[in-house]
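Colleague: coords38.cif is reproduced below (mmCIF, C-alpha atoms).
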data_protein
loop_
_atom_site.label_atom_id
_atom_site.label_comp_id
_atom_site.auth_asym_id
_atom_site.auth_seq_id
_atom_site.Cartn_x
_atom_site.Cartn_y
_atom_site.Cartn_z
CA MET A 1 -32.27 3.37 -30.38
CA THR A 2 -31.06 6.14 -28.03
CA LYS A 3 -32.55 4.36 -25.00
CA LEU A 4 -30.80 1.14 -25.95
CA LEU A 5 -27.46 2.95 -26.35
CA VAL A 6 -27.84 4.70 -22.96
CA LEU A 7 -28.74 1.37 -21.33
CA LEU A 8 -25.73 -0.35 -22.87
CA ILE A 9 -23.34 2.40 -21.76
CA GLY A 10 -24.82 2.30 -18.24
CA VAL A 11 -24.33 -1.47 -17.99
CA ILE A 12 -20.71 -1.13 -19.18
CA ILE A 13 -20.01 1.58 -16.59
CA ILE A 14 -21.59 -0.47 -13.79
CA GLY A 15 -19.55 -3.51 -14.84
CA PHE A 16 -16.35 -1.44 -14.77
CA ILE A 17 -17.14 -0.07 -11.31
CA LEU A 18 -17.83 -3.58 -9.97
CA TRP A 19 -14.58 -4.88 -11.46
CA TRP A 20 -12.60 -1.89 -10.10
CA PHE A 21 -13.81 -2.23 -6.50
CA PHE A 22 -14.51 -5.95 -6.15
CA GLY A 23 -12.41 -7.70 -8.80
CA LYS A 24 -9.19 -9.52 -8.00
CA HIS A 25 -6.22 -7.45 -9.05
CA GLN A 26 -2.59 -8.47 -9.16
CA VAL A 27 -0.74 -7.22 -6.09
CA ALA A 28 3.00 -6.54 -6.03
CA SER A 29 4.84 -8.31 -3.21
CA ALA A 30 8.39 -8.13 -1.89
CA GLU A 31 10.33 -10.19 0.61
CA ALA A 32 13.07 -8.36 2.46
CA ALA A 33 16.61 -9.57 2.01
CA VAL A 34 18.66 -9.73 5.20
CA THR A 35 22.08 -8.04 5.03
CA ASN A 36 24.32 -7.31 8.01
CA ASP A 37 21.58 -8.45 10.42
CA ARG A 38 19.15 -5.84 9.01
CA GLN A 39 16.38 -5.95 6.46
CA SER A 40 14.78 -3.25 4.35
CA VAL A 41 12.27 -2.84 1.56
CA ASP A 42 11.82 0.16 -0.76
CA ILE A 43 8.19 1.17 -1.35
CA GLU A 44 7.15 3.62 -4.04
CA VAL A 45 4.02 5.65 -3.34
CA LYS A 46 2.42 6.49 -6.68
CA GLY A 47 -1.32 5.94 -7.06
CA GLY A 48 -1.01 3.40 -4.24
CA TYR A 49 1.86 1.41 -2.76
CA SER A 50 4.31 -0.71 -4.72
CA PRO A 51 4.96 -3.29 -3.47
CA GLU A 52 1.66 -3.56 -1.65
CA ASN A 53 2.59 -6.68 0.33
CA VAL A 54 5.86 -6.84 2.26
CA VAL A 55 7.26 -9.95 3.96
CA LEU A 56 9.77 -9.52 6.82
CA LYS A 57 11.66 -12.04 8.92
CA GLN A 58 10.74 -12.10 12.59
CA GLY A 59 13.34 -10.84 15.05
CA VAL A 60 15.54 -9.07 12.48
CA PRO A 61 15.56 -5.23 12.68
CA ALA A 62 13.64 -3.85 9.69
CA VAL A 63 13.00 -0.57 7.92
CA LEU A 64 10.56 0.35 5.19
CA ASN A 65 11.78 3.10 2.84
CA PHE A 66 8.84 5.05 1.44
CA THR A 67 9.31 7.45 -1.48
CA ARG A 68 6.17 9.39 -2.42
CA LYS A 69 5.96 10.31 -6.12
CA ASP A 70 2.23 11.12 -6.07
CA ALA A 71 1.08 14.70 -5.49
CA SER A 72 -2.23 13.51 -4.00
CA THR A 73 -2.81 14.70 -0.42
CA CYS A 74 -4.45 11.34 0.30
CA LEU A 75 -1.04 9.66 0.09
CA ASP A 76 0.90 12.26 2.09
CA ARG A 77 0.81 10.08 5.23
CA VAL A 78 1.21 6.40 5.99
CA VAL A 79 -0.47 4.88 9.04
CA PHE A 80 0.47 1.62 10.78
CA SER A 81 -2.20 1.58 13.48
CA ASP A 82 -0.91 -1.67 15.05
CA PHE A 83 2.49 -0.04 15.62
CA GLY A 84 1.23 3.45 16.54
CA ILE A 85 2.91 4.98 13.47
CA ASN A 86 1.40 7.94 11.60
CA GLN A 87 4.23 9.25 9.43
CA GLU A 88 4.21 12.14 6.98
CA LEU A 89 5.56 11.32 3.52
CA PRO A 90 6.91 14.48 1.86
CA LYS A 91 6.85 14.36 -1.94
CA ASP A 92 10.05 13.11 -3.63
CA GLN A 93 11.81 12.42 -0.32
CA LEU A 94 12.87 9.12 1.20
CA GLU A 95 11.16 8.46 4.54
CA THR A 96 12.44 5.54 6.60
CA ILE A 97 10.11 3.83 9.06
CA LYS A 98 11.46 1.35 11.61
CA ILE A 99 9.28 -1.72 12.12
CA ASP A 100 9.18 -3.86 15.26
CA THR A 101 9.52 -7.45 14.02
CA SER A 102 9.36 -9.13 17.43
CA LYS A 103 5.80 -10.49 16.93
CA PRO A 104 4.83 -12.54 13.87
CA GLY A 105 1.56 -11.81 12.11
CA GLU A 106 -0.15 -9.80 9.41
CA TYR A 107 -0.43 -6.05 9.84
CA GLU A 108 -2.17 -3.52 7.62
CA TRP A 109 -1.02 -0.05 6.69
CA ALA A 110 -3.01 2.66 4.94
CA CYS A 111 -2.84 6.20 3.66
CA GLY A 112 -4.05 9.02 5.89
CA MET A 113 -7.56 8.82 4.40
CA ASP A 114 -7.70 4.99 4.63
CA MET A 115 -8.28 4.65 0.87
CA PHE A 116 -5.03 2.91 -0.16
CA HIS A 117 -3.74 -0.10 1.77
CA GLY A 118 -0.79 -2.39 2.14
CA LYS A 119 0.00 -5.50 4.15
CA LEU A 120 3.04 -6.28 6.26
CA ILE A 121 3.66 -9.97 6.97
CA ILE A 122 6.16 -10.89 9.67
CA LYS A 123 7.12 -14.57 9.77
#
Show me the file's structure as structure tokens.

Modeller:
Amino acid sequence: MTKLLVLLIGVIIIGFILWWFFGKHQVASAEAAVTNDRQSVDIEVKGGYSPENVVLKQGVPAVLNFTRKDASTCLDRVVFSDFGINQELPKDQLETIKIDTSKPGEYEWACGMDMFHGKLIIK
């Protein structure tokens, strides 16, 4: 009976791990509103990025406003490798990052340890 219980618990744990890493999860998205020929999106950093996907209009100056609520050192930086940005995110402070929207496309961003990711879509 003990072997059966251990096997059952092991299968449940393996199933959870597979779902956590490979399952489809709902992703928060936001499209920037343009006001006074500028666009901005607020992103909360707490156990990841929310919203995780950001849509910007091409050719309109844009800023992303990051506010880190998470004490984890993994999330203390945000890296946009395509734009050459590696910005520190102090806890409980608003950090504004200017984004070049001259070229359309999809661009990834990540935490300093490359564990948490987001996507920037310029169209």

Colleague: Work out how far CA of Met113 in chain A is from CA of Val41 in chain A, in Å to one decimal.

Modeller: 23.2 Å

Colleague: Suppose a student applies the PyMOL selection byres ((chain A and resi 103) around 9) to this structure; what residues should they get, written as a list in words?

Modeller: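 Output from the PyMOL selection byres ((chain A and resi 103) around 9), applied to this file: Gln58, Gly59, Asp100, Thr101, Ser102, Pro104, Gly105, Ile122 and Lys123 of chain A.
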
Colleague: When distances are computed from all atoms listed in the file, which of A:Lys98, A:Arg77, A:Arg38, A:Lys46 shows the smallest separation from Asn65 in chain A?

Modeller: A:Lys98

Colleague: Mind pulling up the distance from CA of Ser50 in chain A to CA of Glu88 in chain A?

Modeller: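 That distance, rounded to one decimal, is 17.4 Å.
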
Colleague: Apply the PyMOL selection byres ((chain A and resi 30) around 6) to the structure shown and report the selected residues as a PyMOL selection string.

Modeller: chain A and resi 29+31+54

Colleague: Contacts of Ala71 in chain A at 10 Å or less, counting all atoms listed in the file, minus same-chain residues fewer than 6 places along, as a list in words?

Modeller: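 My reading of the contact set: Val45, Lys46, Gly47, Pro90, Lys91 and Asp92 of chain A.
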
Colleague: Of the candidates A:Gly84, A:Lys3, A:Ile97, A:Ile17, which one gets nearest to Leu64 in chain A if we count all atoms listed in the file?

Modeller: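 Distance minimum relative to Leu64 in chain A lands on A:Ile97.
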
Colleague: So the first atom is CA of Ala28 in chain A and the second is CA of Lys119 in chain A; what is the distance between them in Å, to one decimal place?

Modeller: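 One can read the CA of Ala28 in chain A to CA of Lys119 in chain A distance as 10.7 Å.
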
Colleague: Considering only C-alpha atoms, state which residue in the set A:Val55, A:Ser72, A:Val63, A:Leu94 is at the smallest distance from Gly118 in chain A.

Modeller: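 The shortest atom-to-atom distance to Gly118 in chain A comes from A:Val55.
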
Colleague: Identify which of the residues A:Ile43, A:Leu75, A:Val34, A:Val6 lies closest to Leu120 in chain A, counting all atoms listed in the file when measuring atom-to-atom distances.

Modeller: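 With all atoms listed in the file as the atom set, the closest residue is A:Ile43.
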
Colleague: For Leu89 in chain A, list every protein, DNA or RNA residue within 10 Å, evaluated using all atoms listed in the file, and leave out those in the same chain fewer than 6 positions away; present the list as number ranges by chain.

Modeller: A: 45, 66-69, 73, 75-78, 95-96, 111

Colleague: Go ahead and dump the residues you just picked, C-alpha atoms, as a PDB file, in the frame of the given file.

Modeller:
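Output saved as result-v1.pdb:
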ATOM      1  CA  VAL A  45       4.020   5.650  -3.340  1.00  0.00           C
ATOM      2  CA  PHE A  66       8.840   5.050   1.440  1.00  0.00           C
ATOM      3  CA  THR A  67       9.310   7.450  -1.480  1.00  0.00           C
ATOM      4  CA  ARG A  68       6.170   9.390  -2.420  1.00  0.00           C
ATOM      5  CA  LYS A  69       5.960  10.310  -6.120  1.00  0.00           C
ATOM      6  CA  THR A  73      -2.810  14.700  -0.420  1.00  0.00           C
ATOM      7  CA  LEU A  75      -1.040   9.660   0.090  1.00  0.00           C
ATOM      8  CA  ASP A  76       0.900  12.260   2.090  1.00  0.00           C
ATOM      9  CA  ARG A  77       0.810  10.080   5.230  1.00  0.00           C
ATOM     10  CA  VAL A  78       1.210   6.400   5.990  1.00  0.00           C
ATOM     11  CA  GLU A  95      11.160   8.460   4.540  1.00  0.00           C
ATOM     12  CA  THR A  96      12.440   5.540   6.600  1.00  0.00           C
ATOM     13  CA  CYS A 111      -2.840   6.200   3.660  1.00  0.00           C
TER      14      CYS A 111
END

Colleague: Using all atoms listed in the file, which of A:Leu56, A:Ala110, A:Ala62, A:Val11 sits nearest Ser81 in chain A?

Modeller: A:Ala110

Colleague: Select, from A:Trp20, A:Asp82, A:Ile14, A:Asp70, the residue with the minimum atom-to-atom distance to Gly48 in chain A, counting all atoms listed in the file.

Modeller: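 Among A:Trp20, A:Asp82, A:Ile14, A:Asp70, it is A:Asp70 that comes nearest to Gly48 in chain A.
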